[in-house]
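Trainee: Just one file: entry-v3.txt, with compact mmCIF, C-alpha atoms.
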```txt
# COMPACT_ATOMS: atom_id res chain seq x y z
CA MET A 1 123.65 140.11 86.30
CA THR A 2 125.82 137.07 86.95
CA ARG A 3 123.84 136.54 90.13
CA ASN A 4 120.64 136.63 88.15
CA ALA A 5 122.00 134.19 85.63
CA ARG A 6 122.99 131.82 88.40
CA LEU A 7 119.56 132.11 90.01
CA SER A 8 117.80 131.51 86.74
CA THR A 9 119.48 128.14 86.27
CA PHE A 10 118.00 127.24 89.65
CA LYS A 11 114.62 128.43 88.56
CA ILE A 12 114.09 126.09 85.65
CA MET A 13 111.91 123.45 87.15
CA ASP A 14 109.66 121.78 84.65
CA ALA A 15 106.05 120.87 85.27
CA ALA A 16 106.81 117.14 85.51
CA THR A 17 109.34 117.65 88.30
CA VAL A 18 106.88 119.91 90.14
CA ALA A 19 104.13 117.30 89.81
CA ILE A 20 106.46 114.63 91.23
CA ALA A 21 107.43 116.90 94.13
CA LEU A 22 103.78 117.60 94.94
CA ALA A 23 102.84 113.92 94.74
CA GLY A 24 105.73 113.17 97.11
CA LEU A 25 104.48 115.80 99.55
CA VAL A 26 100.94 114.42 99.56
CA LEU A 27 102.27 110.89 99.98
CA ALA A 28 104.53 111.90 102.87
CA ALA A 29 101.67 113.72 104.60
CA THR A 30 99.41 110.68 104.15
CA LEU A 31 102.06 108.38 105.65
CA LEU A 32 102.45 110.74 108.61
CA GLY A 33 98.69 110.74 109.12
CA VAL A 34 98.44 106.95 108.96
CA LEU A 35 101.35 106.53 111.39
CA HIS A 36 99.90 109.08 113.77
CA ARG A 37 96.46 107.52 113.67
CA ALA A 38 97.97 104.12 114.48
CA THR A 39 99.48 105.44 117.71
CA GLN A 40 96.37 107.30 118.88
CA GLY A 41 94.40 105.75 121.70
CA ARG A 42 96.81 102.85 122.22
CA ALA A 43 97.30 101.81 125.79
CA ARG A 44 100.64 100.98 127.36
CA THR A 45 100.01 98.70 130.32
CA ILE A 46 102.35 99.09 133.25
CA PRO A 47 102.53 95.96 135.43
CA ALA A 48 101.78 96.54 139.10
CA ARG A 49 105.13 95.04 140.13
CA TRP A 50 106.95 97.82 138.32
CA ASN A 51 105.32 100.39 140.49
CA THR A 52 107.46 102.01 143.07
CA ASP A 53 106.63 104.92 145.34
CA ALA A 54 107.90 107.23 142.63
CA ARG A 55 105.14 106.13 140.32
CA ILE A 56 102.36 106.90 142.76
CA VAL A 57 100.40 109.89 141.54
CA SER A 58 99.54 112.42 144.14
CA ILE A 59 98.36 115.84 143.11
CA GLU A 60 97.33 118.41 145.64
CA GLY A 61 93.62 119.15 145.44
CA VAL A 62 92.82 116.05 143.38
CA ALA A 63 90.84 113.26 145.04
CA LEU A 64 91.47 109.82 143.56
CA GLY A 65 88.82 107.15 143.10
CA ALA A 66 88.57 104.42 145.72
CA ARG A 67 89.24 101.65 143.18
CA ALA A 68 90.61 103.44 140.14
CA THR A 69 91.10 106.90 138.64
CA LEU A 70 91.00 107.97 135.02
CA LEU A 71 93.40 110.90 135.06
CA GLN A 72 93.23 112.98 131.89
CA PHE A 73 95.58 115.81 130.91
CA SER A 74 93.98 118.36 128.58
CA THR A 75 94.20 121.88 127.28
CA GLU A 76 91.32 124.10 126.27
CA VAL A 77 92.42 124.30 122.63
CA CYS A 78 92.29 120.55 122.16
CA THR A 79 89.33 119.07 120.29
CA PRO A 80 90.01 115.35 120.97
CA CYS A 81 90.24 116.22 124.69
CA LYS A 82 86.52 117.00 124.71
CA SER A 83 85.48 113.66 123.21
CA THR A 84 87.92 111.85 125.51
CA ALA A 85 86.44 113.65 128.53
CA ARG A 86 82.95 112.55 127.50
CA VAL A 87 83.98 108.89 127.20
CA LEU A 88 85.89 108.87 130.51
CA ASP A 89 83.18 110.80 132.34
CA ASP A 90 80.60 108.31 131.19
CA LEU A 91 82.75 105.31 132.18
CA ALA A 92 83.40 106.78 135.62
CA ALA A 93 79.69 107.45 136.12
CA ARG A 94 78.86 103.84 135.23
CA THR A 95 81.58 102.20 137.31
CA GLU A 96 81.43 102.33 141.06
CA SER A 97 84.38 103.90 142.89
CA VAL A 98 86.03 105.00 139.66
CA THR A 99 86.68 108.72 139.27
CA HIS A 100 87.48 110.77 136.18
CA VAL A 101 89.80 113.74 136.73
CA ASP A 102 90.39 116.18 133.86
CA LEU A 103 93.39 118.45 134.45
CA ASP A 104 94.05 121.50 132.27
CA VAL A 105 97.84 121.62 131.95
CA THR A 106 97.70 125.25 130.78
CA HIS A 107 97.57 126.24 134.41
CA ARG A 108 99.79 123.41 135.65
CA PRO A 109 102.80 123.05 133.33
CA ASP A 110 104.65 121.45 136.25
CA LEU A 111 102.26 118.48 136.06
CA ALA A 112 102.78 118.18 132.31
CA SER A 113 106.52 117.91 132.97
CA ARG A 114 106.20 115.61 135.97
CA TYR A 115 104.02 113.12 134.11
CA ARG A 116 105.85 113.62 130.80
CA VAL A 117 102.75 114.72 128.91
CA LEU A 118 103.85 115.08 125.28
CA GLN A 119 100.42 115.28 123.72
CA THR A 120 96.89 116.09 124.77
CA PRO A 121 94.85 114.30 125.71
CA THR A 122 97.03 111.90 127.69
CA THR A 123 95.19 109.56 130.01
CA LEU A 124 96.69 107.68 132.96
CA ILE A 125 94.75 104.88 134.60
CA LEU A 126 95.58 104.74 138.28
CA ASP A 127 94.78 101.91 140.67
CA SER A 128 93.44 102.28 144.21
CA TYR A 129 96.93 103.19 145.48
CA GLY A 130 97.33 105.90 142.86
CA ALA A 131 99.91 103.85 140.96
CA VAL A 132 99.99 104.33 137.18
CA ARG A 133 98.77 101.11 135.56
CA ALA A 134 98.22 102.27 131.99
CA ARG A 135 99.01 105.22 129.81
CA ILE A 136 97.00 106.22 126.73
CA GLY A 137 98.17 108.91 124.33
CA GLY A 138 95.64 110.73 122.16
CA ALA A 139 91.88 110.41 121.88
CA VAL A 140 90.76 107.32 123.81
CA ARG A 141 88.83 104.40 122.42
CA ARG A 142 86.16 103.22 124.76
CA ASP A 143 86.90 99.48 124.36
CA ILE A 144 90.59 99.98 125.11
CA VAL A 145 89.91 102.02 128.25
CA VAL A 146 87.38 99.43 129.43
CA ALA A 147 89.90 96.60 128.91
CA GLU A 148 92.63 98.43 130.83
CA LEU A 149 90.23 99.42 133.57
CA GLN A 150 89.11 95.78 133.93
CA LYS A 151 92.73 94.72 134.51
CA VAL A 152 93.13 97.33 137.24
CA LEU A 153 89.80 96.52 138.90
CA ALA A 154 90.43 92.74 138.72
CA ALA A 155 93.58 92.97 140.82
CA MET B 1 101.88 137.37 118.65
CA THR B 2 101.44 134.49 121.07
CA ALA B 3 100.76 136.96 123.85
CA THR B 4 97.76 138.44 122.07
CA LYS B 5 96.40 134.98 121.42
CA ALA B 6 96.84 133.98 125.05
CA THR B 7 94.86 136.97 126.24
CA ALA B 8 92.24 136.39 123.56
CA THR B 9 91.60 132.81 124.70
CA PRO B 10 89.42 133.35 127.80
CA ALA B 11 87.05 135.62 125.87
CA ALA B 12 86.75 133.04 123.11
CA SER B 13 85.99 130.24 125.56
CA LYS B 14 83.25 132.31 127.19
CA ASP B 15 81.68 132.49 123.75
CA ALA B 16 82.17 128.76 123.40
CA ALA B 17 79.99 127.88 126.34
CA SER B 18 77.04 129.51 124.67
CA LYS B 19 77.50 128.28 121.11
CA GLY B 20 79.25 125.25 119.65
CA ILE B 21 80.18 124.79 116.02
CA ASP B 22 79.86 121.86 113.63
CA PRO B 23 83.24 120.06 113.83
CA ARG B 24 83.07 119.31 110.10
CA GLY B 25 83.21 123.03 109.30
CA PRO B 26 86.91 123.59 110.17
CA ARG B 27 87.87 120.33 108.43
CA PHE B 28 86.07 121.46 105.29
CA GLY B 29 87.92 124.79 105.48
CA ALA B 30 91.23 122.97 105.99
CA ALA B 31 90.59 120.98 102.80
CA ILE B 32 90.14 124.20 100.78
CA THR B 33 93.28 125.63 102.37
CA ALA B 34 95.26 122.46 101.58
CA VAL B 35 94.27 122.60 97.90
CA LEU B 36 95.16 126.30 97.66
CA LEU B 37 98.52 125.63 99.33
CA ILE B 38 99.30 122.92 96.75
CA VAL B 39 98.68 125.55 94.05
CA VAL B 40 101.00 127.98 95.88
CA ILE B 41 103.77 125.35 96.02
CA ALA B 42 103.36 124.55 92.31
CA LEU B 43 103.43 128.24 91.35
CA GLY B 44 106.37 128.87 93.67
CA LEU B 45 108.43 126.02 92.21
CA LEU B 46 107.63 127.03 88.62
CA GLY B 47 108.25 130.72 89.31
CA GLY B 48 111.70 130.29 90.85
CA ASN B 49 113.35 133.06 92.83
CA PRO B 50 112.80 136.59 91.55
CA ALA B 51 115.83 138.80 92.17
CA THR B 52 114.17 142.07 93.13
CA LEU B 53 111.52 142.98 95.67
CA ALA B 54 109.29 144.45 92.96
CA GLU B 55 109.37 141.15 91.08
CA ARG B 56 108.70 139.20 94.25
CA LEU B 57 105.64 141.31 95.04
CA VAL B 58 103.90 140.39 91.78
CA GLN B 59 104.69 136.64 91.79
CA PRO B 60 101.42 134.66 91.57
CA SER B 61 102.58 132.29 94.33
CA PHE B 62 103.18 135.27 96.63
CA LEU B 63 99.80 136.85 95.88
CA LEU B 64 97.83 133.67 96.52
CA PHE B 65 99.89 132.90 99.65
CA ALA B 66 99.22 136.41 100.99
CA VAL B 67 95.48 135.88 100.52
CA ILE B 68 95.68 132.52 102.37
CA SER B 69 97.57 134.24 105.18
CA LEU B 70 94.95 136.98 105.44
CA VAL B 71 92.18 134.39 105.62
CA PHE B 72 94.08 132.68 108.48
CA ALA B 73 94.33 136.07 110.23
CA TRP B 74 90.61 136.59 109.76
CA GLY B 75 89.83 133.20 111.31
CA ALA B 76 92.26 133.79 114.18
CA PHE B 77 91.24 137.33 115.12
CA ALA B 78 87.54 137.43 114.15
CA GLY B 79 86.96 133.88 115.42
CA ILE B 80 86.30 130.66 113.54
CA GLN B 81 82.54 131.39 113.48
CA ARG B 82 83.15 134.34 111.14
CA HIS B 83 85.61 132.49 108.92
CA PRO B 84 84.72 132.86 105.21
CA TYR B 85 85.05 129.09 104.54
CA GLY B 86 82.84 128.52 107.59
CA VAL B 87 80.17 130.70 106.00
CA LEU B 88 80.55 128.71 102.78
CA PHE B 89 80.22 125.48 104.77
CA ARG B 90 77.09 126.62 106.58
CA ASN B 91 75.35 127.83 103.46
CA LEU B 92 76.41 125.27 100.86
CA VAL B 93 77.59 122.08 102.54
CA ARG B 94 75.86 121.78 105.90
CA PRO B 95 72.30 121.75 104.46
CA ARG B 96 73.27 118.68 102.42
CA LEU B 97 74.68 116.76 105.40
CA LYS B 98 73.06 115.06 108.33
CA PRO B 99 72.99 117.20 111.48
CA PRO B 100 76.22 116.91 113.46
CA VAL B 101 76.47 114.22 116.14
CA GLU B 102 78.01 116.73 118.50
CA LEU B 103 78.98 120.37 118.52
CA GLU B 104 82.52 121.50 119.12
CA ASP B 105 84.10 124.29 121.11
CA PRO B 106 85.29 127.02 118.69
CA THR B 107 88.45 127.74 120.76
CA PRO B 108 90.66 124.95 119.32
CA PRO B 109 90.01 125.72 115.62
CA THR B 110 90.36 129.45 116.27
CA PHE B 111 93.78 128.80 117.85
CA ALA B 112 94.67 126.60 114.86
CA GLN B 113 93.93 129.52 112.52
CA GLY B 114 96.40 131.56 114.55
CA VAL B 115 99.03 128.84 114.10
CA GLY B 116 98.37 128.93 110.34
CA PHE B 117 98.70 132.68 110.32
CA VAL B 118 102.05 132.61 112.12
CA ILE B 119 103.50 129.95 109.77
CA THR B 120 102.37 131.81 106.64
CA ALA B 121 103.42 135.22 107.96
CA VAL B 122 106.94 133.93 108.71
CA GLY B 123 107.12 132.53 105.17
CA ILE B 124 106.04 135.87 103.69
CA VAL B 125 108.55 137.90 105.68
CA LEU B 126 111.45 135.58 104.80
CA TYR B 127 110.38 135.57 101.13
CA LEU B 128 110.21 139.35 100.97
CA VAL B 129 113.69 139.72 102.44
CA GLY B 130 114.93 137.33 99.75
CA VAL B 131 115.26 133.87 101.31
CA PRO B 132 114.97 131.48 98.32
CA TYR B 133 111.87 129.28 98.32
CA ALA B 134 110.70 130.62 101.70
CA ILE B 135 107.09 130.59 100.52
CA VAL B 136 107.39 127.08 99.12
CA VAL B 137 108.79 125.78 102.42
CA ALA B 138 106.21 127.62 104.57
CA ALA B 139 103.40 126.52 102.24
CA ALA B 140 104.60 122.90 102.44
CA ALA B 141 104.58 123.06 106.27
CA ALA B 142 101.13 124.66 106.32
CA PHE B 143 99.93 122.12 103.74
CA VAL B 144 100.96 119.17 105.91
CA ALA B 145 99.10 120.67 108.91
CA ALA B 146 95.97 121.50 106.88
CA PHE B 147 95.98 118.12 105.12
CA LEU B 148 96.37 116.17 108.38
CA ASN B 149 93.66 118.27 109.96
CA SER B 150 91.27 117.77 107.09
CA VAL B 151 91.85 114.09 106.37
CA PHE B 152 92.95 112.69 109.74
CA ALA B 153 91.46 115.24 112.18
CA TYR B 154 95.00 115.77 113.47
CA CYS B 155 95.38 118.85 115.62
CA LEU B 156 98.75 120.55 115.23
CA GLY B 157 97.51 123.52 117.24
CA CYS B 158 96.98 121.21 120.25
CA GLN B 159 100.59 120.10 120.08
CA ILE B 160 101.96 123.62 119.76
CA TYR B 161 99.73 124.94 122.54
CA LEU B 162 100.94 122.17 124.86
CA LEU B 163 104.59 122.93 124.10
CA LEU B 164 104.03 126.65 124.73
CA ALA B 165 102.21 125.89 127.97
CA ARG B 166 105.00 123.55 129.10
CA ALA B 167 107.58 126.19 128.25
CA GLY B 168 105.63 128.59 130.47
CA VAL B 169 104.74 130.98 127.63
CA LEU B 170 101.00 130.48 128.14
CA GLY B 171 98.83 130.00 131.16
CA ARG B 172 99.78 130.19 134.83
CA LYS B 173 96.83 132.49 135.34
CA ARG B 174 95.29 130.26 137.96
CA PRO B 175 97.49 128.60 140.56
CA ALA B 176 97.23 124.92 141.60
CA ALA B 177 94.11 122.93 142.48
CA ALA B 178 92.04 122.90 139.33
```
As structure tokens - that is how I would like this structure written.

Mentor:
Amino acid sequence: MTRNARLSTFKIMDAATVAIALAGLVLAATLLGVLHRATQGRARTIPARWNTDARIVSIEGVALGARATLLQFSTEVCTPCKSTARVLDDLAARTESVTHVDLDVTHRPDLASRYRVLQTPTTLILDSYGAVRARIGGAVRRDIVVAELQKVLAA
Amino acid sequence: MTATKATATPAASKDAASKGIDPRGPRFGAAITAVLLIVVIALGLLGGNPATLAERLVQPSFLLFAVISLVFAWGAFAGIQRHPYGVLFRNLVRPRLKPPVELEDPTPPTFAQGVGFVITAVGIVLYLVGVPYAIVVAAAAAFVAAFLNSVFAYCLGCQIYLLLARAGVLGRKRPAAA
């Protein structure tokens, strides 16, 4: 009974406290969502001079584009991967000598580790040498991919 | 649990090729789930920690949470197309909306239902063995996932699937050269 008594002191939580706790939870989830959205689709440009042999992407069975490659890492359970694939496919079709490669990491976890894929989709923009020139985490935005691709193609 | 899902995936994706779903359907369902989970958390906090198993089994927070968990199981094992909230969406909401811009593969939301089922089932088991506030904690975790999915289209299932694949739990059915 003493255990019950101790537990029951714990159990008194009034409606106002509960309402505050719930409001806090909704607020925290909203903040998380806003933060996450802000990081999605952002490109990190990697200057060509930083590229060493170690940064050159070479994957057996994958042919790179003559001028640039849009290399996408996906899984089949990923909804934003599908929209990203559509955007990249379309860009590759419209731009000469640019190829879109969509790799399912389910079957190649070694690639996910090698290229430090922490979310899907992750897109790497490779130049004609296969060097990584930009990295985009999350669903891509067309204008951002175009801008990064222009930088690679201009060089 | 993960093993059954992994083997279930290829069958689901075969289905997917033939028929896509309205992407707003799962987000609508996630909104209902998020609201119900808020109610569970409120009931759980107000109800405290019952001392005996018999008392725990009749707690309103437990009963509602168990229903939510069963609905997740339904979505995960019967497929998102047969999900009760999906039926509600198709019959009540979809006719009032413009047609979808694009259809979506049902595999990702079906996997997400499985993730929801695992989170809620773990909460239920811990609660029944007497871990204080296990349901409140599990419901809060599931709420964050459902809320982010509904409001921000965030895909927690994608993240978990990737981690499992990287850990070698899933996949490796086909070797190299995709």

Trainee: Write down, as a VMD selection string, each residue of chain A that has any atom within 6 Å of an atom of chain B, counting all atoms listed in the file.

Mentor: chain A and resid 11 13 29 33 61 77 to 78 106 to 107 109

Trainee: Quick one, how far is atom CA of B:Ala31 from atom CA of B:Lys19?

Mentor: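 Pair atom CA of B:Ala31 / atom CA of B:Lys19 returns 23.7 Å.
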
Trainee: Rounded to one decimal in Å, what is the spacing between atom CA of A:Ile125 and atom CA of A:Glu60?

Mentor: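 So the two atoms, atom CA of A:Ile125 and atom CA of A:Glu60, lie 17.7 Å apart.
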
Trainee: Using all atoms listed in the file, which of A:Leu124, A:Val98, A:Ala92, A:Val145 sits nearest A:Gln72?

Mentor: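 Selected residue with least distance to A:Gln72: A:Leu124.
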
Trainee: Report, in Å to a single decimal, how far apart atom CA of B:Asp22 and atom CA of A:Arg141 are.

Mentor: 21.5 Å

Trainee: Which residues are near B:Val71? Cut-off 12 Å, all atoms listed in the file, ignore same chain within fewer than 2 positions. Put them as a VMD selection string.

Mentor: chain B and resid 29 to 30 32 to 33 36 64 to 69 73 to 80 82 to 86 110 113 to 114 116 to 118 120 to 121
